[in-house]
$ cat work19.cif   # mmCIF, C-alpha atoms
data_run
#
loop_
_atom_site.label_atom_id
_atom_site.label_comp_id
_atom_site.auth_asym_id
_atom_site.auth_seq_id
_atom_site.Cartn_x
_atom_site.Cartn_y
_atom_site.Cartn_z
CA MET A 1 17.88 35.29 55.68
CA SER A 2 14.08 35.45 55.83
CA GLN A 3 12.20 32.44 57.14
CA LYS A 4 10.41 30.40 54.47
CA ASN A 5 6.63 30.59 54.56
CA THR A 6 5.59 26.97 55.17
CA SER A 7 1.85 27.70 55.08
CA GLY A 8 1.34 27.10 51.39
CA ILE A 9 -1.83 27.20 49.31
CA PRO A 10 -2.45 24.09 47.16
CA PHE A 11 -3.42 24.73 43.55
CA MET A 12 -4.04 23.04 40.23
CA LYS A 13 -2.77 24.28 36.86
CA MET A 14 -5.25 23.70 34.02
CA HIS A 15 -5.87 24.95 30.51
CA GLY A 16 -8.53 24.92 27.85
CA LEU A 17 -6.96 25.31 24.38
CA GLY A 18 -3.92 27.00 25.93
CA ASN A 19 -6.08 29.49 27.85
CA ASP A 20 -4.46 28.67 31.20
CA PHE A 21 -5.65 28.85 34.78
CA VAL A 22 -4.57 28.45 38.35
CA VAL A 23 -7.36 26.86 40.39
CA MET A 24 -7.48 27.07 44.19
CA ASP A 25 -9.95 25.25 46.43
CA GLU A 26 -11.17 27.25 49.43
CA ARG A 27 -14.17 25.07 50.21
CA GLY A 28 -14.46 24.61 53.96
CA ILE A 29 -11.48 26.83 54.82
CA THR A 30 -10.85 30.50 55.59
CA PRO A 31 -10.47 32.47 52.32
CA ARG A 32 -6.86 33.46 51.58
CA VAL A 33 -6.76 34.65 47.98
CA ASP A 34 -6.89 38.43 47.55
CA ALA A 35 -5.78 40.83 44.81
CA THR A 36 -2.17 40.89 46.02
CA ILE A 37 -1.89 37.10 45.96
CA ALA A 38 -3.66 36.92 42.60
CA ILE A 39 -1.19 39.34 41.02
CA SER A 40 1.81 37.54 42.51
CA ILE A 41 0.70 34.12 41.27
CA ALA A 42 0.01 35.56 37.80
CA ASP A 43 3.65 36.56 37.28
CA ARG A 44 5.00 34.05 34.77
CA HIS A 45 8.61 34.65 35.86
CA ARG A 46 8.33 34.91 39.66
CA GLY A 47 5.03 33.13 40.22
CA VAL A 48 3.10 30.43 38.40
CA GLY A 49 1.50 32.35 35.54
CA TYR A 50 -2.07 32.24 34.30
CA ASP A 51 -4.66 34.00 32.17
CA GLN A 52 -7.23 33.71 34.98
CA LEU A 53 -7.27 32.43 38.54
CA ALA A 54 -10.35 30.55 39.73
CA VAL A 55 -11.22 30.01 43.39
CA LEU A 56 -13.65 27.30 44.47
CA THR A 57 -15.84 28.01 47.50
CA ASP A 58 -18.93 26.39 49.01
CA SER A 59 -22.29 27.22 47.47
CA THR A 60 -25.62 26.99 49.31
CA ASN A 61 -27.64 26.18 46.17
CA ALA A 62 -25.19 24.52 43.77
CA ASP A 63 -22.32 22.04 43.73
CA VAL A 64 -19.66 24.76 43.90
CA HIS A 65 -19.17 28.52 43.61
CA LEU A 66 -16.42 29.97 41.38
CA THR A 67 -14.76 33.37 41.73
CA PHE A 68 -12.48 34.57 38.92
CA TRP A 69 -9.46 36.88 39.07
CA ASN A 70 -7.68 38.41 36.09
CA ALA A 71 -3.90 38.63 35.96
CA ASP A 72 -4.00 42.32 36.94
CA GLY A 73 -5.89 41.56 40.17
CA SER A 74 -9.31 42.60 38.87
CA HIS A 75 -12.39 40.37 38.99
CA SER A 76 -14.33 38.79 36.15
CA ALA A 77 -17.85 37.45 36.63
CA ALA A 78 -17.36 34.75 33.99
CA CYS A 79 -14.60 32.57 32.57
CA GLY A 80 -15.91 29.89 30.27
CA ASN A 81 -12.77 27.81 29.71
CA ALA A 82 -11.91 27.73 33.43
CA THR A 83 -15.47 26.68 34.23
CA ARG A 84 -15.20 23.83 31.71
CA CYS A 85 -11.85 22.72 33.16
CA ILE A 86 -13.15 22.69 36.72
CA ALA A 87 -16.40 20.97 35.74
CA ARG A 88 -14.50 18.22 33.90
CA HIS A 89 -12.21 17.72 36.91
CA MET A 90 -15.14 17.56 39.36
CA MET A 91 -17.09 15.13 37.16
CA ASP A 92 -14.02 12.90 36.91
CA GLN A 93 -13.59 13.03 40.70
CA THR A 94 -17.22 12.31 41.56
CA GLY A 95 -18.29 10.10 38.67
CA ARG A 96 -21.21 12.43 37.99
CA ASP A 97 -22.31 13.50 34.52
CA SER A 98 -23.79 16.89 35.45
CA LEU A 99 -23.06 19.77 37.83
CA SER A 100 -24.50 23.12 38.86
CA ILE A 101 -22.02 25.96 39.37
CA THR A 102 -22.70 29.42 40.78
CA THR A 103 -20.66 32.43 39.66
CA ASP A 104 -21.10 36.18 39.81
CA ARG A 105 -22.62 35.70 36.34
CA GLY A 106 -25.34 33.43 37.80
CA THR A 107 -25.88 29.69 37.94
CA LEU A 108 -24.24 27.70 35.15
CA TYR A 109 -24.82 24.06 34.26
CA ALA A 110 -22.26 21.54 33.08
CA VAL A 111 -22.85 18.15 31.47
CA ASP A 112 -20.60 15.37 30.27
CA GLN A 113 -20.65 14.99 26.48
CA ASN A 114 -18.74 11.82 25.61
CA GLY A 115 -15.90 12.67 27.99
CA VAL A 116 -15.84 16.37 27.16
CA ALA A 117 -17.34 19.08 29.37
CA SER A 118 -20.16 21.16 27.92
CA ILE A 119 -21.20 24.33 29.80
CA ASN A 120 -24.33 26.45 29.53
CA MET A 121 -22.92 29.97 29.86
CA GLY A 122 -26.40 31.50 30.22
CA HIS A 123 -28.30 33.91 28.03
CA PRO A 124 -26.27 36.64 26.32
CA GLN A 125 -26.78 40.23 27.48
CA LEU A 126 -27.76 42.26 24.44
CA ASN A 127 -29.02 45.54 25.91
CA TRP A 128 -26.57 48.43 26.32
CA ASP A 129 -27.09 48.76 30.09
CA GLU A 130 -26.58 45.03 30.74
CA ILE A 131 -23.22 44.76 28.95
CA PRO A 132 -22.68 47.60 30.14
CA LEU A 133 -22.02 50.48 27.73
CA ALA A 134 -21.62 54.11 28.70
CA SER A 135 -24.92 55.25 27.15
CA LYS A 136 -27.96 53.98 25.27
CA MET A 137 -27.14 52.76 21.75
CA ASP A 138 -27.63 49.95 19.26
CA THR A 139 -25.37 47.11 20.41
CA LEU A 140 -25.35 45.42 16.99
CA GLU A 141 -23.10 48.06 15.43
CA LEU A 142 -21.26 50.39 17.80
CA PRO A 143 -20.13 53.89 16.77
CA ILE A 144 -16.49 52.73 16.72
CA GLU A 145 -14.42 52.43 13.55
CA GLY A 146 -15.13 48.96 12.19
CA ALA A 147 -18.69 48.92 13.63
CA PRO A 148 -18.12 46.14 16.19
CA THR A 149 -20.90 44.32 18.05
CA ALA A 150 -21.24 44.53 21.84
CA THR A 151 -22.29 41.48 23.85
CA GLY A 152 -22.37 40.66 27.55
CA MET A 153 -21.62 37.15 28.79
CA GLY A 154 -21.27 38.15 32.43
CA ASN A 155 -18.34 40.23 31.20
CA PRO A 156 -18.30 42.80 28.36
CA HIS A 157 -17.22 41.96 24.81
CA CYS A 158 -16.51 43.93 21.64
CA THR A 159 -16.41 41.84 18.45
CA PHE A 160 -15.01 43.11 15.15
CA PHE A 161 -15.77 41.18 11.97
CA VAL A 162 -12.87 41.58 9.56
CA GLY A 163 -11.72 40.11 6.27
CA ASN A 164 -8.74 38.31 7.81
CA ALA A 165 -8.25 38.10 11.56
CA GLU A 166 -4.65 36.96 11.04
CA THR A 167 -3.59 40.37 9.72
CA ILE A 168 -4.76 42.37 12.76
CA ASP A 169 -2.19 43.84 15.15
CA LEU A 170 -3.98 42.24 18.09
CA ALA A 171 -1.73 43.62 20.82
CA ALA A 172 -2.09 47.21 19.67
CA ARG A 173 -5.77 47.14 18.73
CA GLY A 174 -6.80 45.04 21.71
CA ALA A 175 -5.15 47.34 24.23
CA GLU A 176 -6.72 50.36 22.56
CA ILE A 177 -10.28 48.99 22.46
CA GLU A 178 -10.16 47.46 25.97
CA HIS A 179 -10.10 50.99 27.39
CA HIS A 180 -12.55 52.57 24.95
CA PRO A 181 -14.77 55.14 26.69
CA LEU A 182 -17.93 53.34 25.51
CA TYR A 183 -17.01 50.51 27.93
CA PRO A 184 -16.94 51.85 31.50
CA GLN A 185 -15.81 48.46 32.88
CA ARG A 186 -13.33 47.90 30.01
CA THR A 187 -13.93 45.08 27.54
CA ASN A 188 -12.68 41.87 26.02
CA VAL A 189 -11.90 42.35 22.33
CA GLN A 190 -12.30 39.85 19.48
CA PHE A 191 -11.38 39.98 15.81
CA ALA A 192 -13.27 37.38 13.80
CA SER A 193 -13.39 36.24 10.18
CA LEU A 194 -15.95 34.00 8.51
CA ILE A 195 -14.04 31.09 6.92
CA GLY A 196 -16.94 28.82 6.00
CA PRO A 197 -20.61 28.14 6.74
CA ASP A 198 -21.04 28.44 10.53
CA HIS A 199 -17.24 28.43 10.84
CA VAL A 200 -15.36 31.39 12.33
CA ARG A 201 -11.68 32.18 12.93
CA MET A 202 -11.30 34.36 16.01
CA ARG A 203 -8.42 35.97 17.92
CA VAL A 204 -8.85 37.52 21.33
CA TRP A 205 -7.51 40.20 23.67
CA GLU A 206 -8.76 39.63 27.22
CA ARG A 207 -9.56 42.46 29.58
CA GLY A 208 -7.00 42.65 32.37
CA VAL A 209 -4.82 39.99 30.74
CA GLY A 210 -3.83 40.72 27.13
CA VAL A 211 -3.50 38.38 24.15
CA THR A 212 -4.59 34.84 25.01
CA LEU A 213 -4.65 31.62 22.99
CA ALA A 214 -8.36 31.15 23.62
CA SER A 215 -11.33 32.51 25.56
CA GLY A 216 -14.57 30.71 26.23
CA SER A 217 -16.75 33.72 26.99
CA SER A 218 -15.24 35.53 23.98
CA SER A 219 -16.11 32.57 21.77
CA CYS A 220 -19.68 32.65 23.04
CA ALA A 221 -19.91 36.41 22.46
CA THR A 222 -18.49 36.08 18.94
CA ALA A 223 -20.94 33.31 18.03
CA VAL A 224 -23.86 35.37 19.34
CA ALA A 225 -22.66 38.47 17.45
CA ALA A 226 -22.20 36.49 14.21
CA ALA A 227 -25.70 35.02 14.47
CA ARG A 228 -27.24 38.41 15.26
CA ARG A 229 -25.58 39.90 12.19
CA GLY A 230 -26.79 37.08 9.96
CA LEU A 231 -23.28 35.82 9.24
CA THR A 232 -23.89 32.37 10.72
CA GLY A 233 -26.56 30.24 12.28
CA ARG A 234 -26.74 29.75 16.04
CA LYS A 235 -24.47 26.70 16.09
CA VAL A 236 -20.91 27.73 15.25
CA GLN A 237 -17.39 26.33 15.22
CA ILE A 238 -14.86 28.84 16.56
CA ASP A 239 -11.19 28.31 15.66
CA LEU A 240 -8.86 30.10 18.09
CA ASP A 241 -5.08 30.30 18.30
CA GLY A 242 -5.12 27.40 20.79
CA GLY A 243 -7.74 25.14 19.21
CA THR A 244 -11.44 24.78 18.48
CA LEU A 245 -14.65 25.29 20.48
CA GLN A 246 -18.19 24.40 19.51
CA ILE A 247 -20.75 27.08 20.44
CA ASP A 248 -24.51 26.48 20.33
CA TRP A 249 -26.85 29.39 21.14
CA ARG A 250 -29.98 27.56 22.27
CA ASP A 251 -33.24 28.74 23.81
CA ASP A 252 -31.89 28.04 27.32
CA GLY A 253 -28.54 29.80 26.84
CA VAL A 254 -25.20 29.62 25.04
CA TRP A 255 -23.60 26.18 25.29
CA MET A 256 -19.85 25.78 24.88
CA THR A 257 -18.09 22.46 24.32
CA GLY A 258 -14.39 21.71 23.96
CA PRO A 259 -11.32 19.95 25.39
CA THR A 260 -9.69 20.59 28.77
CA ALA A 261 -6.40 19.65 30.41
CA HIS A 262 -5.26 19.22 34.03
CA VAL A 263 -1.54 19.99 33.77
CA PHE A 264 -0.13 19.66 37.30
CA ASP A 265 -0.73 20.21 41.02
CA GLY A 266 1.41 22.45 43.21
CA VAL A 267 1.63 24.52 46.37
CA TRP A 268 1.99 28.31 46.41
CA TYR A 269 4.22 29.66 49.20
CA GLY A 270 4.50 33.25 47.92
#
$ encode --input "work19.cif" --output "structure tokens"
Amino acid sequence: MSQKNTSGIPFMKMHGLGNDFVVMDERGITPRVDATIAISIADRHRGVGYDQLAVLTDSTNADVHLTFWNADGSHSAACGNATRCIARHMMDQTGRDSLSITTDRGTLYAVDQNGVASINMGHPQLNWDEIPLASKMDTLELPIEGAPTATGMGNPHCTFFVGNAETIDLAARGAEIEHHPLYPQRTNVQFASLIGPDHVRMRVWERGVGVTLASGSSSCATAVAAARRGLTGRKVQIDLDGGTLQIDWRDDGVWMTGPTAHVFDGVWYG
């Protein structure tokens, strides 16, 4: 019988609209999370299960630094819902009403908005080489069937505007578009329908994960794409499978506001 590993890694389980995360705090300690551990924890049958894993580390010029892992062990520079969850938790712990957070996307800012965390996800990336795409092209309407819009939010996005997002075979279409040759780093995929003035229904396939109940960066990308195409204004309600986010594309960046949940604490022994 093998000896049990007693050197566990503490974690928190959180979610934003059912978009769920494992959060590990490596501030002040030797880093332990790597791709192998990330993949093992992601297994919903033999591990904990998550859409993304977020690791907190010390930052020299902000309150905390966040690193994000996808369920397949790849990295993502941004994860909006996880950032909101962590910001809400840290504000509750410290009593503060604002935070600065560094990520591979850049420095993000969080504020308390009547007990709900609101995050500035930064300016959208609209040029082909920033997203990035494989070659120079108009990002408003890509040469893909359905003429989707490409947007970068620290990670690449491909947004299709359709008559009814509910009728899309999300698993099949999402998997296909994630690996489209126009996206050398793969892409998140959204299917969105306009259901009212500045009101969008959106479903999402996340790069390296699959179908998820919600995605913060995808919601930001969809709101930006809708505004660019003249379908909405810059302040939009996004209804996802797991709930609703408010997105506001301001002069200083794309702000995202919505509920968060701290589900439980645990220890990973692996």
$ closest_atom_pairs --input "work19.cif" --of "stretch 168-248 of chain A" --to "stretch 124-148 of chain A" --cutoff "12 Å" --atoms "all atoms listed in the file" --output "tab-separated table"
residue	atom	partner	partner_atom	distance
A:Arg173	CA	A:Glu145	CA	11.4
A:Glu176	CA	A:Ile144	CA	11.6
A:Ile177	CA	A:Ile144	CA	9.2
A:His179	CA	A:Leu133	CA	11.9
A:His180	CA	A:Ile144	CA	9.1
A:Pro181	CA	A:Ala134	CA	7.2
A:Leu182	CA	A:Ala134	CA	4.9
A:Tyr183	CA	A:Leu133	CA	5.0
A:Pro184	CA	A:Ala134	CA	5.9
A:Gln185	CA	A:Pro132	CA	7.4
A:Arg186	CA	A:Leu133	CA	9.3
A:Thr187	CA	A:Ile131	CA	9.4
A:Asn188	CA	A:Ile131	CA	11.3
A:Val189	CA	A:Pro148	CA	9.5
A:Gln190	CA	A:Pro148	CA	9.2
A:Phe191	CA	A:Pro148	CA	9.1
A:Ala192	CA	A:Pro148	CA	10.3
A:Ser217	CA	A:Pro124	CA	10.0
A:Ser218	CA	A:Pro124	CA	11.3
A:Ser219	CA	A:Pro124	CA	11.9
A:Cys220	CA	A:Pro124	CA	8.4
A:Ala221	CA	A:Pro124	CA	7.4
A:Thr222	CA	A:Pro148	CA	10.4
A:Ala223	CA	A:Pro124	CA	10.4
A:Val224	CA	A:Pro124	CA	7.5
A:Ala225	CA	A:Leu140	CA	7.5
A:Ala226	CA	A:Leu140	CA	9.9
A:Ala227	CA	A:Leu140	CA	10.7
A:Arg228	CA	A:Leu140	CA	7.5
A:Arg229	CA	A:Leu140	CA	7.3
A:Gly230	CA	A:Leu140	CA	11.0
A:Asp248	CA	A:Pro124	CA	11.9
$ closest_residue --input "work19.cif" --among "A:Val263, A:Met121, A:Val211, A:Met90" --to "A:Val22" --atoms "only C-alpha atoms"
A:Val263
$ resolve_selection --input "work19.cif" --expression "the PyMOL selection byres ((chain A and resi 88) around 8)" --output "list of chain:residue names"
A:Arg84, A:Cys85, A:Ile86, A:Ala87, A:His89, A:Met90, A:Met91, A:Asp92, A:Asp112, A:Val116, A:Ala117, A:Thr260
$ closest_residue --input "work19.cif" --among "A:Ile41, A:Ala78, A:Val200, A:Val23" --to "A:Val55" --atoms "only C-alpha atoms"
A:Val23
$ residues_near_point --input "work19.cif" --point "(-13.3, 35.9, 38.2)" --cutoff "8 Å" --atoms "only C-alpha atoms" --output "count of residues only"
15
$ residues_around --input "work19.cif" --residues "A:Ile29" --least-positions-apart "5" --cutoff "12 Å" --atoms "only C-alpha atoms" --output "PyMOL selection string"
chain A and resi 9+24+55-58
$ closest_residue --input "work19.cif" --among "A:Ala35, A:Leu108, A:Ala261, A:Ile168" --to "A:His123" --atoms "only C-alpha atoms"
A:Leu108
$ resolve_selection --input "work19.cif" --expression "the PyMOL selection byres ((chain A and resi 170) around 8)" --output "ChimeraX atom specification"
/A:168-169,171-174,203-205,211
$ axis_aligned_box --input "work19.cif" --around "stretch 229-238 of chain A" --padding-each-side "3 Å" --output "lines of an AutoDock Vina configuration file"
center_x = -20.8
center_y = 33.1
center_z = 12.9
size_x = 17.9
size_y = 19.6
size_z = 13.3
$ atom_distance --input "work19.cif" --atom1 "atom CA of A:Gly8" --atom2 "atom CA of A:Gly210"
28.3 Å
$ closest_residue --input "work19.cif" --among "A:Arg207, A:Arg105, A:Arg201, A:Arg96" --to "A:Asp72" --atoms "all atoms listed in the file"
A:Arg207
$ atom_distance --input "work19.cif" --atom1 "atom CA of A:Met153" --atom2 "atom CA of A:Thr102"
14.3 Å
$ decode --input "work19.cif" --residues "stretch 31-135 of chain A" --atoms "C-alpha atoms" --output "PDB file, in the first residue's frame"
ATOM      1  CA  PRO A  31       5.311  27.523  -6.105  1.00  0.00           C
ATOM      2  CA  ARG A  32       3.878  24.007  -6.414  1.00  0.00           C
ATOM      3  CA  VAL A  33       1.208  24.136  -9.104  1.00  0.00           C
ATOM      4  CA  ASP A  34       2.343  22.950 -12.540  1.00  0.00           C
ATOM      5  CA  ALA A  35       0.555  21.570 -15.603  1.00  0.00           C
ATOM      6  CA  THR A  36       0.435  18.027 -14.200  1.00  0.00           C
ATOM      7  CA  ILE A  37      -1.179  19.165 -10.958  1.00  0.00           C
ATOM      8  CA  ALA A  38      -3.560  21.467 -12.826  1.00  0.00           C
ATOM      9  CA  ILE A  39      -4.793  18.611 -15.029  1.00  0.00           C
ATOM     10  CA  SER A  40      -5.192  16.259 -12.059  1.00  0.00           C
ATOM     11  CA  ILE A  41      -7.223  18.748 -10.034  1.00  0.00           C
ATOM     12  CA  ALA A  42      -9.425  19.490 -13.065  1.00  0.00           C
ATOM     13  CA  ASP A  43     -10.677  15.892 -13.271  1.00  0.00           C
ATOM     14  CA  ARG A  44     -14.262  16.046 -12.008  1.00  0.00           C
ATOM     15  CA  HIS A  45     -14.276  12.329 -11.120  1.00  0.00           C
ATOM     16  CA  ARG A  46     -10.806  11.796  -9.603  1.00  0.00           C
ATOM     17  CA  GLY A  47      -9.937  15.350  -8.644  1.00  0.00           C
ATOM     18  CA  VAL A  48     -11.920  18.434  -7.689  1.00  0.00           C
ATOM     19  CA  GLY A  49     -13.102  19.715 -11.059  1.00  0.00           C
ATOM     20  CA  TYR A  50     -13.053  23.241 -12.418  1.00  0.00           C
ATOM     21  CA  ASP A  51     -13.344  25.351 -15.550  1.00  0.00           C
ATOM     22  CA  GLN A  52     -10.193  27.288 -14.595  1.00  0.00           C
ATOM     23  CA  LEU A  53      -7.619  27.138 -11.836  1.00  0.00           C
ATOM     24  CA  ALA A  54      -6.310  30.420 -10.422  1.00  0.00           C
ATOM     25  CA  VAL A  55      -3.081  30.744  -8.450  1.00  0.00           C
ATOM     26  CA  LEU A  56      -2.404  33.748  -6.232  1.00  0.00           C
ATOM     27  CA  THR A  57       1.199  34.935  -5.926  1.00  0.00           C
ATOM     28  CA  ASP A  58       2.881  38.068  -4.594  1.00  0.00           C
ATOM     29  CA  SER A  59       2.977  41.121  -6.840  1.00  0.00           C
ATOM     30  CA  THR A  60       5.566  43.900  -6.580  1.00  0.00           C
ATOM     31  CA  ASN A  61       3.213  46.614  -7.878  1.00  0.00           C
ATOM     32  CA  ALA A  62      -0.302  45.430  -7.019  1.00  0.00           C
ATOM     33  CA  ASP A  63      -2.239  43.718  -4.241  1.00  0.00           C
ATOM     34  CA  VAL A  64      -1.915  40.266  -5.812  1.00  0.00           C
ATOM     35  CA  HIS A  65      -0.864  38.499  -9.011  1.00  0.00           C
ATOM     36  CA  LEU A  66      -3.122  35.873 -10.634  1.00  0.00           C
ATOM     37  CA  THR A  67      -2.042  33.047 -12.938  1.00  0.00           C
ATOM     38  CA  PHE A  68      -4.743  31.045 -14.729  1.00  0.00           C
ATOM     39  CA  TRP A  69      -4.716  27.417 -15.879  1.00  0.00           C
ATOM     40  CA  ASN A  70      -7.268  25.782 -18.161  1.00  0.00           C
ATOM     41  CA  ALA A  71      -8.536  22.272 -17.489  1.00  0.00           C
ATOM     42  CA  ASP A  72      -6.224  20.836 -20.168  1.00  0.00           C
ATOM     43  CA  GLY A  73      -3.114  22.246 -18.445  1.00  0.00           C
ATOM     44  CA  SER A  74      -2.706  25.224 -20.775  1.00  0.00           C
ATOM     45  CA  HIS A  75      -2.461  28.832 -19.582  1.00  0.00           C
ATOM     46  CA  SER A  76      -4.883  31.697 -20.063  1.00  0.00           C
ATOM     47  CA  ALA A  77      -3.834  35.318 -19.558  1.00  0.00           C
ATOM     48  CA  ALA A  78      -7.314  36.335 -18.410  1.00  0.00           C
ATOM     49  CA  CYS A  79     -10.290  34.874 -16.566  1.00  0.00           C
ATOM     50  CA  GLY A  80     -12.889  37.467 -15.706  1.00  0.00           C
ATOM     51  CA  ASN A  81     -15.203  35.466 -13.457  1.00  0.00           C
ATOM     52  CA  ALA A  82     -12.320  34.027 -11.409  1.00  0.00           C
ATOM     53  CA  THR A  83     -10.870  37.518 -11.009  1.00  0.00           C
ATOM     54  CA  ARG A  84     -14.231  38.767  -9.728  1.00  0.00           C
ATOM     55  CA  CYS A  85     -14.515  35.855  -7.283  1.00  0.00           C
ATOM     56  CA  ILE A  86     -11.034  36.400  -5.883  1.00  0.00           C
ATOM     57  CA  ALA A  87     -11.479  40.167  -5.684  1.00  0.00           C
ATOM     58  CA  ARG A  88     -14.761  39.780  -3.775  1.00  0.00           C
ATOM     59  CA  HIS A  89     -13.115  37.322  -1.369  1.00  0.00           C
ATOM     60  CA  MET A  90     -10.107  39.601  -0.775  1.00  0.00           C
ATOM     61  CA  MET A  91     -12.301  42.671  -0.244  1.00  0.00           C
ATOM     62  CA  ASP A  92     -14.393  40.728   2.270  1.00  0.00           C
ATOM     63  CA  GLN A  93     -11.220  39.596   4.070  1.00  0.00           C
ATOM     64  CA  THR A  94      -9.570  43.018   4.204  1.00  0.00           C
ATOM     65  CA  GLY A  95     -12.563  45.327   4.438  1.00  0.00           C
ATOM     66  CA  ARG A  96     -11.282  47.269   1.434  1.00  0.00           C
ATOM     67  CA  ASP A  97     -13.501  48.517  -1.384  1.00  0.00           C
ATOM     68  CA  SER A  98     -10.896  48.463  -4.169  1.00  0.00           C
ATOM     69  CA  LEU A  99      -7.965  46.311  -5.299  1.00  0.00           C
ATOM     70  CA  SER A 100      -5.301  46.203  -7.997  1.00  0.00           C
ATOM     71  CA  ILE A 101      -4.569  42.813  -9.554  1.00  0.00           C
ATOM     72  CA  THR A 102      -1.793  41.917 -11.981  1.00  0.00           C
ATOM     73  CA  THR A 103      -2.257  39.163 -14.559  1.00  0.00           C
ATOM     74  CA  ASP A 104      -0.527  38.166 -17.771  1.00  0.00           C
ATOM     75  CA  ARG A 105      -3.200  40.365 -19.374  1.00  0.00           C
ATOM     76  CA  GLY A 106      -1.932  43.407 -17.429  1.00  0.00           C
ATOM     77  CA  THR A 107      -3.089  45.241 -14.322  1.00  0.00           C
ATOM     78  CA  LEU A 108      -6.806  44.974 -13.569  1.00  0.00           C
ATOM     79  CA  TYR A 109      -8.787  46.998 -11.051  1.00  0.00           C
ATOM     80  CA  ALA A 110     -11.630  45.798  -8.852  1.00  0.00           C
ATOM     81  CA  VAL A 111     -14.135  47.870  -6.898  1.00  0.00           C
ATOM     82  CA  ASP A 112     -16.991  47.057  -4.569  1.00  0.00           C
ATOM     83  CA  GLN A 113     -20.381  47.930  -6.054  1.00  0.00           C
ATOM     84  CA  ASN A 114     -22.992  47.499  -3.324  1.00  0.00           C
ATOM     85  CA  GLY A 115     -21.544  44.168  -2.221  1.00  0.00           C
ATOM     86  CA  VAL A 116     -20.838  42.906  -5.730  1.00  0.00           C
ATOM     87  CA  ALA A 117     -17.390  42.883  -7.336  1.00  0.00           C
ATOM     88  CA  SER A 118     -16.907  44.965 -10.477  1.00  0.00           C
ATOM     89  CA  ILE A 119     -13.720  44.415 -12.517  1.00  0.00           C
ATOM     90  CA  ASN A 120     -12.098  46.550 -15.195  1.00  0.00           C
ATOM     91  CA  MET A 121     -10.906  43.917 -17.680  1.00  0.00           C
ATOM     92  CA  GLY A 122      -8.860  46.461 -19.645  1.00  0.00           C
ATOM     93  CA  HIS A 123      -9.186  47.722 -23.191  1.00  0.00           C
ATOM     94  CA  PRO A 124     -10.261  45.187 -25.814  1.00  0.00           C
ATOM     95  CA  GLN A 125      -7.706  44.133 -28.425  1.00  0.00           C
ATOM     96  CA  LEU A 126      -9.210  44.838 -31.825  1.00  0.00           C
ATOM     97  CA  ASN A 127      -6.252  44.519 -34.209  1.00  0.00           C
ATOM     98  CA  TRP A 128      -5.580  41.149 -35.863  1.00  0.00           C
ATOM     99  CA  ASP A 129      -2.039  40.815 -34.476  1.00  0.00           C
ATOM    100  CA  GLU A 130      -3.099  41.597 -30.890  1.00  0.00           C
ATOM    101  CA  ILE A 131      -5.847  38.953 -30.695  1.00  0.00           C
ATOM    102  CA  PRO A 132      -3.892  37.210 -32.404  1.00  0.00           C
ATOM    103  CA  LEU A 133      -5.069  35.995 -35.817  1.00  0.00           C
ATOM    104  CA  ALA A 134      -2.950  34.128 -38.333  1.00  0.00           C
ATOM    105  CA  SER A 135      -2.761  37.008 -40.840  1.00  0.00           C
TER     106      SER A 135
END
